[in-house]
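Structure file entry.txt (compact mmCIF, C-alpha atoms) is printed below.
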# COMPACT_ATOMS: atom_id res chain seq x y z
CA MET A 285 9.88 -1.70 6.88
CA LYS A 286 7.70 1.13 7.96
CA LYS A 287 4.05 1.26 7.13
CA ARG A 288 2.95 4.21 5.06
CA PHE A 289 -0.25 5.00 3.21
CA LEU A 290 -0.41 5.91 -0.45
CA SER A 291 -0.09 9.45 -1.69
CA LEU A 292 -2.94 11.84 -1.07
CA GLY A 293 -3.79 11.96 -4.75
CA LEU A 294 -4.10 8.19 -4.97
CA ALA A 295 -6.04 8.03 -1.75
CA VAL A 296 -8.60 10.44 -3.17
CA MET A 297 -8.96 8.37 -6.32
CA MET A 298 -9.23 5.17 -4.33
CA ALA A 299 -11.90 6.65 -2.13
CA ALA A 300 -13.94 7.40 -5.21
CA SER A 301 -13.38 4.05 -6.90
CA LEU A 302 -13.32 1.58 -4.02
CA THR A 303 -15.62 3.04 -1.39
CA ALA A 304 -19.35 2.43 -1.53
CA CYS A 305 -21.99 3.95 0.68
CA GLY A 306 -22.49 2.31 4.06
CA GLY A 307 -24.76 3.22 6.89
CA GLY A 308 -25.87 2.47 10.38
CA SER A 309 -24.02 2.61 13.65
CA LYS A 310 -20.68 0.84 13.65
CA THR A 311 -18.96 -1.36 16.18
CA GLU A 312 -15.18 -1.10 16.05
CA THR A 313 -12.70 -3.86 16.86
CA SER A 314 -8.95 -4.19 16.44
CA ALA A 315 -7.43 -7.52 15.51
CA ALA A 316 -4.17 -6.48 17.10
CA ALA A 317 -5.85 -5.23 20.27
CA GLU A 318 -7.76 -8.48 20.70
CA LYS A 319 -4.56 -10.50 20.75
CA THR A 320 -3.01 -11.78 23.94
CA GLU A 321 0.42 -10.38 24.71
CA ASP A 322 2.01 -13.79 24.57
CA THR A 323 0.72 -16.02 21.79
CA LYS A 324 2.50 -18.95 23.32
CA ALA A 325 0.15 -18.66 26.23
CA ALA A 326 -2.71 -18.96 23.77
CA ASP A 327 -1.17 -22.11 22.37
CA ALA A 328 -0.72 -23.52 25.85
CA LYS A 329 -4.27 -22.75 26.88
CA GLU A 330 -6.14 -25.39 24.94
CA ALA A 331 -9.85 -25.03 24.48
CA ASP A 332 -12.26 -27.67 25.74
CA THR A 333 -13.44 -28.31 22.16
CA SER A 334 -11.32 -30.84 20.30
CA ALA A 335 -11.01 -29.19 16.88
CA ALA A 336 -9.85 -25.91 18.40
CA ALA A 337 -7.04 -27.67 20.20
CA GLU A 338 -3.56 -28.30 18.92
CA GLY A 339 -4.38 -31.05 16.43
CA ASP A 340 -7.37 -29.45 14.77
CA THR A 341 -6.09 -28.67 11.31
CA THR A 342 -4.35 -32.01 10.82
CA ALA A 343 -7.47 -33.96 11.62
CA ALA A 344 -9.59 -31.74 9.44
CA ALA A 345 -7.19 -31.98 6.51
CA GLU A 346 -7.65 -35.73 6.65
CA GLY A 347 -11.40 -35.36 6.84
CA GLU A 348 -11.57 -36.41 10.49
CA THR A 349 -13.77 -33.63 11.80
CA ALA A 350 -15.18 -33.58 15.29
CA ALA A 351 -18.12 -31.57 16.62
CA PRO A 352 -18.95 -30.53 20.17
CA ALA A 353 -22.33 -31.07 21.73
CA GLU A 354 -24.97 -28.94 20.07
CA GLY A 355 -24.91 -25.31 21.13
CA GLU A 356 -21.68 -25.47 23.13
CA ALA A 357 -19.31 -23.78 20.66
CA PHE A 358 -19.27 -21.93 17.36
CA ILE A 359 -18.06 -24.13 14.51
CA ILE A 360 -16.08 -22.35 11.79
CA GLY A 361 -14.97 -24.20 8.68
CA GLY A 362 -12.15 -23.37 6.30
CA ILE A 363 -11.51 -24.57 2.74
CA GLY A 364 -8.48 -24.11 0.51
CA PRO A 365 -5.60 -25.85 -1.25
CA ILE A 366 -3.06 -27.27 1.18
CA THR A 367 -1.67 -29.62 -1.45
CA GLY A 368 -0.88 -28.95 -5.10
CA ALA A 369 0.39 -25.88 -6.95
CA ALA A 370 -1.57 -23.35 -4.87
CA ALA A 371 -0.71 -24.93 -1.51
CA ALA A 372 1.26 -21.90 -0.35
CA TYR A 373 -1.94 -19.85 -0.40
CA GLY A 374 -4.10 -22.47 1.28
CA ASN A 375 -1.63 -23.23 4.04
CA ALA A 376 -1.24 -19.53 4.75
CA VAL A 377 -5.02 -19.19 5.09
CA LYS A 378 -5.27 -22.31 7.24
CA ASN A 379 -2.59 -20.97 9.58
CA GLY A 380 -4.07 -17.48 9.70
CA ILE A 381 -7.45 -18.86 10.75
CA ASP A 382 -5.82 -21.18 13.27
CA LEU A 383 -3.84 -18.38 14.91
CA ALA A 384 -6.85 -16.07 15.19
CA VAL A 385 -9.06 -18.84 16.62
CA LYS A 386 -6.48 -19.73 19.26
CA GLU A 387 -6.14 -16.09 20.29
CA ILE A 388 -9.90 -15.58 20.45
CA ASN A 389 -10.44 -18.74 22.47
CA ALA A 390 -7.68 -17.80 24.90
CA ALA A 391 -9.32 -14.39 25.34
CA GLY A 392 -12.71 -15.88 26.18
CA GLY A 393 -14.15 -16.78 22.79
CA ILE A 394 -17.06 -15.11 20.98
CA ASN A 395 -19.96 -13.98 23.14
CA GLY A 396 -18.58 -16.26 25.85
CA TYR A 397 -18.43 -19.36 23.61
CA GLN A 398 -15.32 -21.12 22.36
CA VAL A 399 -14.69 -21.59 18.65
CA VAL A 400 -14.14 -24.95 16.94
CA TYR A 401 -12.10 -24.68 13.75
CA GLN A 402 -11.84 -27.31 11.03
CA PHE A 403 -10.14 -27.08 7.64
CA GLN A 404 -10.54 -29.09 4.44
CA ASP A 405 -8.17 -29.36 1.46
CA ASP A 406 -9.70 -28.65 -1.97
CA GLU A 407 -6.49 -28.86 -4.07
CA ASN A 408 -7.67 -25.71 -5.90
CA ASP A 409 -10.37 -27.80 -7.60
CA PRO A 410 -14.02 -26.64 -7.69
CA GLU A 411 -15.52 -30.12 -7.43
CA LYS A 412 -13.26 -31.07 -4.54
CA SER A 413 -14.07 -27.76 -2.90
CA VAL A 414 -17.79 -28.57 -2.95
CA ASN A 415 -16.99 -31.99 -1.50
CA ALA A 416 -15.00 -30.29 1.24
CA TYR A 417 -17.94 -27.98 1.94
CA ASN A 418 -20.28 -30.94 2.29
CA ALA A 419 -17.86 -32.66 4.66
CA LEU A 420 -17.78 -29.55 6.84
CA LYS A 421 -21.57 -29.33 6.76
CA ASP A 422 -21.70 -32.92 8.00
CA ALA A 423 -19.46 -31.78 10.86
CA HIS A 424 -22.06 -29.10 11.76
CA MET A 425 -20.17 -26.07 10.41
CA GLN A 426 -22.03 -22.81 11.09
CA MET A 427 -19.85 -20.25 9.26
CA LEU A 428 -17.28 -20.61 6.47
CA VAL A 429 -13.95 -18.86 5.95
CA GLY A 430 -13.17 -19.59 2.31
CA THR A 431 -12.54 -20.63 -0.15
CA VAL A 432 -9.05 -19.41 -0.98
CA THR A 433 -9.03 -19.27 -4.80
CA SER A 434 -11.71 -17.93 -7.11
CA LYS A 435 -12.96 -20.91 -9.14
CA PRO A 436 -13.53 -23.10 -6.08
CA CYS A 437 -15.00 -20.12 -4.26
CA ILE A 438 -17.59 -19.54 -6.98
CA ALA A 439 -18.56 -23.22 -6.86
CA VAL A 440 -18.91 -23.24 -3.07
CA ALA A 441 -20.77 -19.92 -3.05
CA ALA A 442 -23.51 -21.60 -5.10
CA GLU A 443 -23.90 -24.07 -2.22
CA THR A 444 -23.70 -21.63 0.68
CA VAL A 445 -26.44 -19.42 -0.74
CA ASN A 446 -28.77 -22.41 -0.98
CA ASP A 447 -28.05 -23.23 2.67
CA ASN A 448 -28.03 -19.57 3.77
CA MET A 449 -24.63 -20.23 5.32
CA PHE A 450 -22.51 -17.19 6.23
CA GLN A 451 -19.36 -17.09 4.08
CA ILE A 452 -16.34 -14.80 4.10
CA THR A 453 -13.43 -15.39 1.75
CA PRO A 454 -10.04 -13.89 2.57
CA SER A 455 -8.81 -14.04 -1.02
CA GLY A 456 -11.47 -15.11 -3.52
CA SER A 457 -11.31 -12.06 -5.76
CA ALA A 458 -13.56 -12.91 -8.74
CA VAL A 459 -16.70 -10.80 -8.80
CA GLU A 460 -18.89 -13.90 -8.61
CA CYS A 461 -17.35 -15.00 -5.29
CA VAL A 462 -19.59 -12.58 -3.38
CA ALA A 463 -22.49 -12.30 -5.81
CA ASN A 464 -24.89 -13.59 -3.15
CA ASP A 465 -25.97 -11.66 -0.07
CA ASN A 466 -24.57 -14.25 2.36
CA ALA A 467 -20.99 -13.84 1.09
CA PHE A 468 -18.32 -11.24 1.95
CA ARG A 469 -14.63 -10.89 1.22
CA VAL A 470 -11.53 -9.35 2.83
CA CYS A 471 -9.51 -8.77 -0.35
CA PHE A 472 -10.35 -6.39 -3.17
CA SER A 473 -12.22 -7.80 -6.17
CA ASP A 474 -10.40 -8.39 -9.45
CA PRO A 475 -11.91 -5.29 -11.11
CA ASP A 476 -10.90 -3.14 -8.16
CA GLN A 477 -7.33 -4.49 -8.29
CA GLY A 478 -7.02 -3.79 -12.00
CA LYS A 479 -8.43 -0.30 -11.72
CA ALA A 480 -6.34 0.52 -8.67
CA SER A 481 -3.18 -0.72 -10.41
CA ALA A 482 -3.75 1.56 -13.40
CA GLN A 483 -4.45 4.48 -11.09
CA TYR A 484 -1.33 3.84 -9.03
CA ILE A 485 0.91 3.56 -12.11
CA GLY A 486 -0.59 6.72 -13.57
CA ALA A 487 -0.61 8.77 -10.38
CA ASN A 488 3.00 7.91 -9.61
CA LYS A 489 4.11 8.33 -13.24
CA LEU A 490 5.88 4.98 -13.27
CA ALA A 491 5.53 4.62 -17.05
CA THR A 492 3.34 5.54 -20.00
CA LYS A 493 3.87 2.56 -22.34
CA ILE A 494 2.53 -0.61 -20.79
CA GLY A 495 2.74 -4.25 -21.77
CA VAL A 496 0.43 -6.81 -20.18
CA ILE A 497 1.03 -10.55 -19.79
CA TYR A 498 -1.98 -12.35 -18.34
CA ASP A 499 -3.47 -15.82 -17.91
CA SER A 500 -6.62 -16.01 -20.03
CA SER A 501 -7.57 -19.35 -18.46
CA THR A 502 -8.27 -17.93 -14.98
CA GLU A 503 -11.01 -15.58 -13.80
CA TYR A 504 -8.50 -13.91 -11.48
CA SER A 505 -6.04 -12.83 -14.14
CA SER A 506 -8.60 -12.09 -16.86
CA GLY A 507 -10.74 -10.00 -14.51
CA ILE A 508 -7.84 -7.83 -13.39
CA TYR A 509 -6.57 -7.45 -16.96
CA GLU A 510 -9.94 -6.30 -18.28
CA SER A 511 -10.45 -3.64 -15.62
CA PHE A 512 -6.84 -2.45 -15.99
CA LEU A 513 -7.33 -2.12 -19.73
CA ALA A 514 -10.53 -0.12 -19.22
CA GLU A 515 -8.92 2.31 -16.76
CA ALA A 516 -5.55 2.76 -18.49
CA PRO A 517 -6.58 5.53 -20.95
CA ALA A 518 -8.00 7.66 -18.14
CA GLN A 519 -4.60 7.50 -16.46
CA GLY A 520 -2.65 8.48 -19.57
CA LEU A 521 -1.36 4.94 -20.10
CA GLU A 522 -0.89 3.40 -23.53
CA VAL A 523 -1.15 -0.38 -23.57
CA VAL A 524 1.28 -1.31 -26.33
CA ALA A 525 1.14 -5.10 -25.95
CA GLU A 526 -1.53 -7.48 -24.61
CA GLU A 527 -0.16 -11.01 -24.41
CA ALA A 528 -2.05 -14.00 -23.04
CA PHE A 529 -1.09 -17.48 -21.95
CA THR A 530 -3.04 -20.38 -20.46
CA ALA A 531 -2.51 -23.05 -17.85
CA ASP A 532 -1.34 -25.31 -20.69
CA SER A 533 1.33 -22.87 -21.88
CA ASN A 534 2.78 -21.36 -18.71
CA THR A 535 6.45 -22.33 -18.91
CA ASP A 536 7.79 -20.46 -21.95
CA PHE A 537 7.04 -16.73 -22.20
CA SER A 538 9.53 -15.89 -24.95
CA VAL A 539 6.89 -14.75 -27.43
CA GLN A 540 5.06 -12.57 -24.90
CA LEU A 541 8.27 -10.95 -23.65
CA ASP A 542 9.58 -10.34 -27.18
CA LYS A 543 6.35 -8.59 -28.16
CA CYS A 544 6.43 -6.38 -25.06
CA LYS A 545 10.07 -5.52 -25.69
CA GLU A 546 9.54 -4.80 -29.40
CA ALA A 547 6.57 -2.56 -28.57
CA GLY A 548 8.74 -0.44 -26.26
CA ALA A 549 6.96 -1.33 -23.01
CA GLU A 550 8.46 0.60 -20.11
CA LEU A 551 6.38 -1.35 -17.58
CA VAL A 552 4.95 -4.85 -17.84
CA PHE A 553 1.80 -5.47 -15.83
CA LEU A 554 1.56 -9.04 -14.53
CA PRO A 555 -1.90 -9.77 -13.06
CA ILE A 556 -0.85 -13.39 -12.47
CA TYR A 557 0.33 -15.73 -9.75
CA TYR A 558 3.89 -15.73 -8.51
CA GLN A 559 4.83 -19.14 -9.93
CA GLU A 560 4.52 -17.96 -13.54
CA ALA A 561 5.93 -14.54 -12.63
CA SER A 562 9.15 -16.12 -11.37
CA ILE A 563 9.62 -17.77 -14.77
CA ILE A 564 8.88 -14.52 -16.61
CA LEU A 565 11.45 -12.61 -14.55
CA LYS A 566 14.12 -15.22 -15.29
CA GLN A 567 13.37 -15.28 -19.01
CA ALA A 568 13.23 -11.47 -19.19
CA SER A 569 16.65 -11.31 -17.56
CA ASP A 570 18.01 -13.80 -20.10
CA LYS A 571 16.71 -11.51 -22.86
CA GLU A 572 18.20 -8.41 -21.16
CA PHE A 573 14.72 -6.95 -21.01
CA ALA A 574 14.44 -4.86 -17.86
CA PRO A 575 11.18 -2.88 -17.65
CA ILE A 576 9.40 -2.22 -14.37
CA PHE A 577 7.34 -5.28 -13.49
CA PHE A 578 4.11 -4.65 -11.59
CA GLY A 579 1.74 -7.26 -10.14
CA CYS A 580 -1.19 -7.67 -7.77
CA ASP A 581 -1.88 -9.78 -4.70
CA GLY A 582 -1.20 -13.07 -6.53
CA MET A 583 2.43 -11.98 -6.79
CA ASP A 584 2.88 -12.37 -3.04
CA GLY A 585 5.07 -15.40 -2.42
CA ILE A 586 7.55 -14.85 -5.24
CA LEU A 587 10.45 -14.49 -2.81
CA SER A 588 9.79 -17.98 -1.47
CA VAL A 589 9.84 -19.84 -4.82
CA GLU A 590 12.23 -22.76 -4.58
CA ASN A 591 15.49 -22.28 -6.52
CA PHE A 592 14.41 -18.79 -7.68
CA ASP A 593 17.12 -16.13 -7.77
CA THR A 594 15.39 -13.46 -5.70
CA SER A 595 17.70 -10.77 -7.08
CA LEU A 596 15.62 -11.02 -10.27
CA ALA A 597 12.66 -9.64 -8.30
CA GLU A 598 14.54 -6.51 -7.25
CA GLY A 599 12.39 -3.49 -8.03
CA LEU A 600 9.25 -5.57 -8.64
CA MET A 601 6.14 -3.70 -7.51
CA LEU A 602 2.76 -5.06 -6.48
CA LEU A 603 -0.50 -4.00 -4.96
CA THR A 604 -0.66 -5.83 -1.67
CA PRO A 605 -2.63 -5.19 1.50
CA PHE A 606 0.04 -6.62 3.80
CA SER A 607 3.78 -6.82 4.32
CA ALA A 608 5.50 -8.97 6.93
CA ASP A 609 8.06 -6.17 7.30
CA GLU A 610 5.58 -3.45 8.27
CA ALA A 611 5.95 -2.10 11.80
CA GLY A 612 2.25 -2.58 12.46
CA SER A 613 2.39 -6.27 11.51
CA GLN A 614 5.17 -7.37 13.82
CA ASP A 615 3.10 -8.88 16.65
CA PHE A 616 1.23 -11.03 14.15
CA VAL A 617 4.40 -11.95 12.24
CA LYS A 618 6.27 -13.02 15.37
CA ALA A 619 3.35 -15.12 16.58
CA TYR A 620 2.89 -16.69 13.14
CA GLU A 621 6.58 -17.50 12.75
CA ALA A 622 6.71 -19.01 16.23
CA ALA A 623 3.67 -21.19 15.54
CA TYR A 624 4.30 -22.27 11.93
CA ASN A 625 8.02 -21.67 11.37
CA GLU A 626 7.54 -19.52 8.28
CA VAL A 627 6.97 -15.90 7.29
CA PRO A 628 3.26 -15.18 6.69
CA LEU A 629 1.94 -14.27 3.27
CA GLN A 630 -0.85 -11.73 2.82
CA PHE A 631 -3.23 -14.69 2.46
CA GLY A 632 -2.58 -15.61 6.07
CA ALA A 633 -3.13 -12.03 7.16
CA GLY A 634 -6.38 -11.87 5.20
CA ALA A 635 -7.63 -15.06 6.84
CA TYR A 636 -6.69 -13.72 10.26
CA ASP A 637 -8.67 -10.56 9.54
CA ALA A 638 -11.61 -12.65 8.29
CA VAL A 639 -11.88 -14.45 11.63
CA TYR A 640 -11.74 -11.19 13.57
CA ALA A 641 -14.43 -9.79 11.25
CA ILE A 642 -16.58 -12.80 12.16
CA LYS A 643 -15.94 -12.09 15.83
CA ALA A 644 -16.87 -8.43 15.49
CA ALA A 645 -20.04 -9.16 13.53
CA ALA A 646 -21.06 -12.02 15.81
CA GLU A 647 -20.71 -9.80 18.84
CA LYS A 648 -22.57 -6.98 17.15
CA ALA A 649 -25.40 -9.38 16.26
CA GLY A 650 -25.34 -11.16 19.61
CA ILE A 651 -25.53 -14.59 18.02
CA THR A 652 -25.16 -17.84 19.98
CA PRO A 653 -24.13 -21.30 18.74
CA ASP A 654 -27.53 -22.82 19.52
CA MET A 655 -29.07 -20.76 16.68
CA SER A 656 -29.69 -22.34 13.27
CA VAL A 657 -27.20 -21.83 10.45
CA SER A 658 -29.77 -19.72 8.59
CA ASP A 659 -30.58 -17.52 11.60
CA ILE A 660 -26.88 -16.99 12.25
CA CYS A 661 -26.37 -16.01 8.60
CA ASP A 662 -29.26 -13.54 8.59
CA ALA A 663 -27.91 -11.84 11.71
CA MET A 664 -24.35 -11.77 10.37
CA LYS A 665 -25.37 -10.27 7.01
CA THR A 666 -26.74 -7.20 8.77
CA ALA A 667 -23.97 -6.95 11.36
CA MET A 668 -21.18 -7.08 8.74
CA THR A 669 -22.35 -3.73 7.35
CA GLU A 670 -22.28 -2.18 10.83
CA ILE A 671 -18.77 -3.07 12.04
CA THR A 672 -15.32 -1.58 11.63
CA VAL A 673 -12.23 -3.79 11.86
CA ASP A 674 -8.76 -2.35 12.27
CA GLY A 675 -6.94 -5.27 10.67
CA LEU A 676 -3.64 -6.37 9.21
CA THR A 677 -4.83 -5.88 5.62
CA GLY A 678 -6.47 -2.52 6.16
CA ALA A 679 -7.14 0.09 8.80
CA GLN A 680 -10.76 0.93 9.59
CA MET A 681 -12.15 -1.75 7.28
CA THR A 682 -15.87 -1.75 6.68
CA TRP A 683 -18.11 -3.80 4.40
CA ASN A 684 -21.01 -2.80 2.21
CA ALA A 685 -24.14 -4.84 1.56
CA ALA A 686 -22.60 -6.19 -1.65
CA GLY A 687 -19.98 -7.96 0.47
CA GLU A 688 -17.10 -5.74 -0.67
CA PRO A 689 -14.52 -4.32 1.74
CA GLU A 690 -13.91 -0.60 1.95
CA LYS A 691 -10.29 0.21 2.75
CA ALA A 692 -7.35 2.07 1.24
CA PRO A 693 -5.19 0.03 -1.16
CA LYS A 694 -1.42 -0.19 -0.64
CA ALA A 695 1.55 -0.92 -2.87
CA ALA A 696 4.93 -2.48 -2.12
CA LYS A 697 8.28 -2.63 -3.87
CA ILE A 698 10.88 -5.36 -3.43
CA VAL A 699 14.11 -3.75 -2.25
CA ASN A 700 17.08 -5.85 -1.11
CA GLY A 701 14.88 -8.91 -0.88
CA VAL A 702 12.08 -7.47 1.29
CA TYR A 703 8.79 -5.71 0.67
CA VAL A 704 8.97 -1.96 1.19
CA MET A 705 5.56 -0.31 1.44
CA GLN A 706 5.32 2.74 -0.81
Would you put the structure from the file into structure tokens?
Amino acid sequence: MKKRFLSLGLAVMMAASLTACGGGSKTETSAAAEKTEDTKAADAKEADTSAAAEGDTTAAAEGETAAPAEGEAFIIGGIGPITGAAAAYGNAVKNGIDLAVKEINAAGGINGYQVVYQFQDDENDPEKSVNAYNALKDAHMQMLVGTVTSKPCIAVAAETVNDNMFQITPSGSAVECVANDNAFRVCFSDPDQGKASAQYIGANKLATKIGVIYDSSTEYSSGIYESFLAEAPAQGLEVVAEEAFTADSNTDFSVQLDKCKEAGAELVFLPIYYQEASIILKQASDKEFAPIFFGCDGMDGILSVENFDTSLAEGLMLLTPFSADEAGSQDFVKAYEAAYNEVPLQFGAGAYDAVYAIKAAAEKAGITPDMSVSDICDAMKTAMTEITVDGLTGAQMTWNAAGEPEKAPKAAKIVNGVYVMQ
């Protein structure tokens, strides 16, 4: 599919709602331009540091981290769920980091130093995520990519701020994930996703009567729902049904769907993860209820649900910063598929961009691995507001001092089983 930006009207609204003031001179880098022409060559050219070599992620997942001699390499840690219900997200992030690190090392590293990469499984559990963080600290981690999901990210952020450890999450979207000045993110925050969704639906006149089905037990879903609800009236949208579920009641959505249908919802907004969405689509089909369904970044992955009839997702729309079918993503997609034998999700693309953001900021700041964790963090905090990254999840991405990315949002529609950017 061909990559296209949103309509001019939406772009203007997004500029007003998602762009904050930034200043200073900017250093520009392109994730695609930094890549070697043949990723297989990057795989073949193993770094001298053990965790950056072929077996790094396996050892790290088992807690067997290894550190180089002090000051010889940058040590980047990653945390996310690679087992359990959210494993698809965590594995995508793990692979995205791995691919970027291999490319960067093959191209000469960061400021002339190789990068050691280690990853820990948190099973999407805050307590286990903190344990994973401590294990990486024991392995002399200097910068963190993670965590993947919001609750664990909030828990780990409370630790990184105490240590003044630089942190960038590819996908932790709750506001609290980047509440501290040492933390940044690649994805949009939950409020920004909710507001942008309402603006997109309104600007493109997709519907006027909206039903919402959301998970009240997660910060992710609740945060998006609340900001969507606040923005809807300004976009001429009438929310005719607001139906919640929890993690304990996420298998039968008959009541929620019936209420949306009875209220005359023309579009049902689903600020939820793809696992529950796949069940909703099946049950809606059984009820012969066929509104437009519209989701956010948590919807990515619905086409890969085991035993799911993907024809039920035909016409589904979602805000997503990345599509594996975009022309501009093909070098990354081919390299990812060759290395991991699967199509990348946006979570992998976000992690890949996070590592290249680290590279750009580290080069802007001129940091070296013999610096303390705190000194590295202080330098990176300033440099992150002075760089521009032309990444997979956004062109000309910048970051403000609050840790939020500034980039244009994009939407996709599932057509014939693939994402078509709108």
Close residues, Val704 (chain A) itself excluded, 12 Å, all atoms listed in the file, min 4 positions apart in chain, as an MDAnalysis selection string: chainID A and resid 285:289 598:604 606:611 694:700
Straight-line distance linking CA of Ile438 (chain A) with CA of Gly478 (chain A), stated in Å to one decimal: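 Separating CA of Ile438 (chain A) from CA of Gly478 (chain A) is a distance of 19.6 Å.
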Separation of CA of Asp659 (chain A) from CA of Val377 (chain A), in Å and rounded to one decimal: 26.4 Å
Long-range neighbours of Ser538 (chain A) as a PyMOL selection string, 12 Å cut-off, all atoms listed in the file, 2 positions minimum in chain: chain A and resi 497+527-529+533-536+540-546+563-571+573
Residue neighbourhood Tyr558 (chain A), 9 Å, only C-alpha atoms, exclusion window fewer than 4 positions, as a list in words: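 Final neighbour list, sorted by chain and number: Ser562, Ile563, Gly579, Gly582, Met583, Asp584, Gly585, Ile586, Leu587 and Val589 of chain A.
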Length of the CA of Met425 (chain A) to CA of Ile359 (chain A) vector [Å]: 5.0 Å
Shell around region 622-628 of chain A at 7 Å using all atoms listed in the file, local window under 4 positions removed, as a list in words: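 The filter keeps Ala376, Ala608, Val617, Lys618 and Gly632 of chain A.
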I'd like the box whose edges run along x, y and z of the file and which contains every listed atom of region 575-579 of chain A, padded by 5 Å per side; could you state its centre and edge lengths in Å, one decimal, as AutoDock Vina command-line options?
--center_x 6.5 --center_y -4.7 --center_z -13.9 --size_x 19.4 --size_y 15.0 --size_z 17.5
Nearest residue to Cys471 (chain A) from the set A:Asp674, A:Glu590, A:Asp409, A:Asp581 (distances using all atoms listed in the file): A:Asp581
7 Å contact set for region 443-451 of chain A, all atoms listed in the file, chain neighbours under 4 positions out, as a ChimeraX atom specification: /A:426-430,464,466-468,657-658,661
Would you output that residue set with C-alpha atoms, as a PDB file, in the coordinates of the input?
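Generated output (out_23.pdb):
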ATOM      1  CA  GLN A 426     -22.030 -22.810  11.090  1.00  0.00           C
ATOM      2  CA  MET A 427     -19.850 -20.250   9.260  1.00  0.00           C
ATOM      3  CA  LEU A 428     -17.280 -20.610   6.470  1.00  0.00           C
ATOM      4  CA  VAL A 429     -13.950 -18.860   5.950  1.00  0.00           C
ATOM      5  CA  GLY A 430     -13.170 -19.590   2.310  1.00  0.00           C
ATOM      6  CA  ASN A 464     -24.890 -13.590  -3.150  1.00  0.00           C
ATOM      7  CA  ASN A 466     -24.570 -14.250   2.360  1.00  0.00           C
ATOM      8  CA  ALA A 467     -20.990 -13.840   1.090  1.00  0.00           C
ATOM      9  CA  PHE A 468     -18.320 -11.240   1.950  1.00  0.00           C
ATOM     10  CA  VAL A 657     -27.200 -21.830  10.450  1.00  0.00           C
ATOM     11  CA  SER A 658     -29.770 -19.720   8.590  1.00  0.00           C
ATOM     12  CA  CYS A 661     -26.370 -16.010   8.600  1.00  0.00           C
TER      13      CYS A 661
END
For Gly687 (chain A), the nearest of the candidates A:Gly392, A:Gly364, A:Gly456, A:Pro410, counting only C-alpha atoms: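 Nearest to Gly687 (chain A): A:Gly456.
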Selected residue, from A:Gly362, A:Gly678, A:Gly495, A:Gly548, that lies nearest to Ile452 (chain A) when counting all atoms listed in the file: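 Using all atoms listed in the file, the shortest distance to Ile452 (chain A) belongs to A:Gly362.
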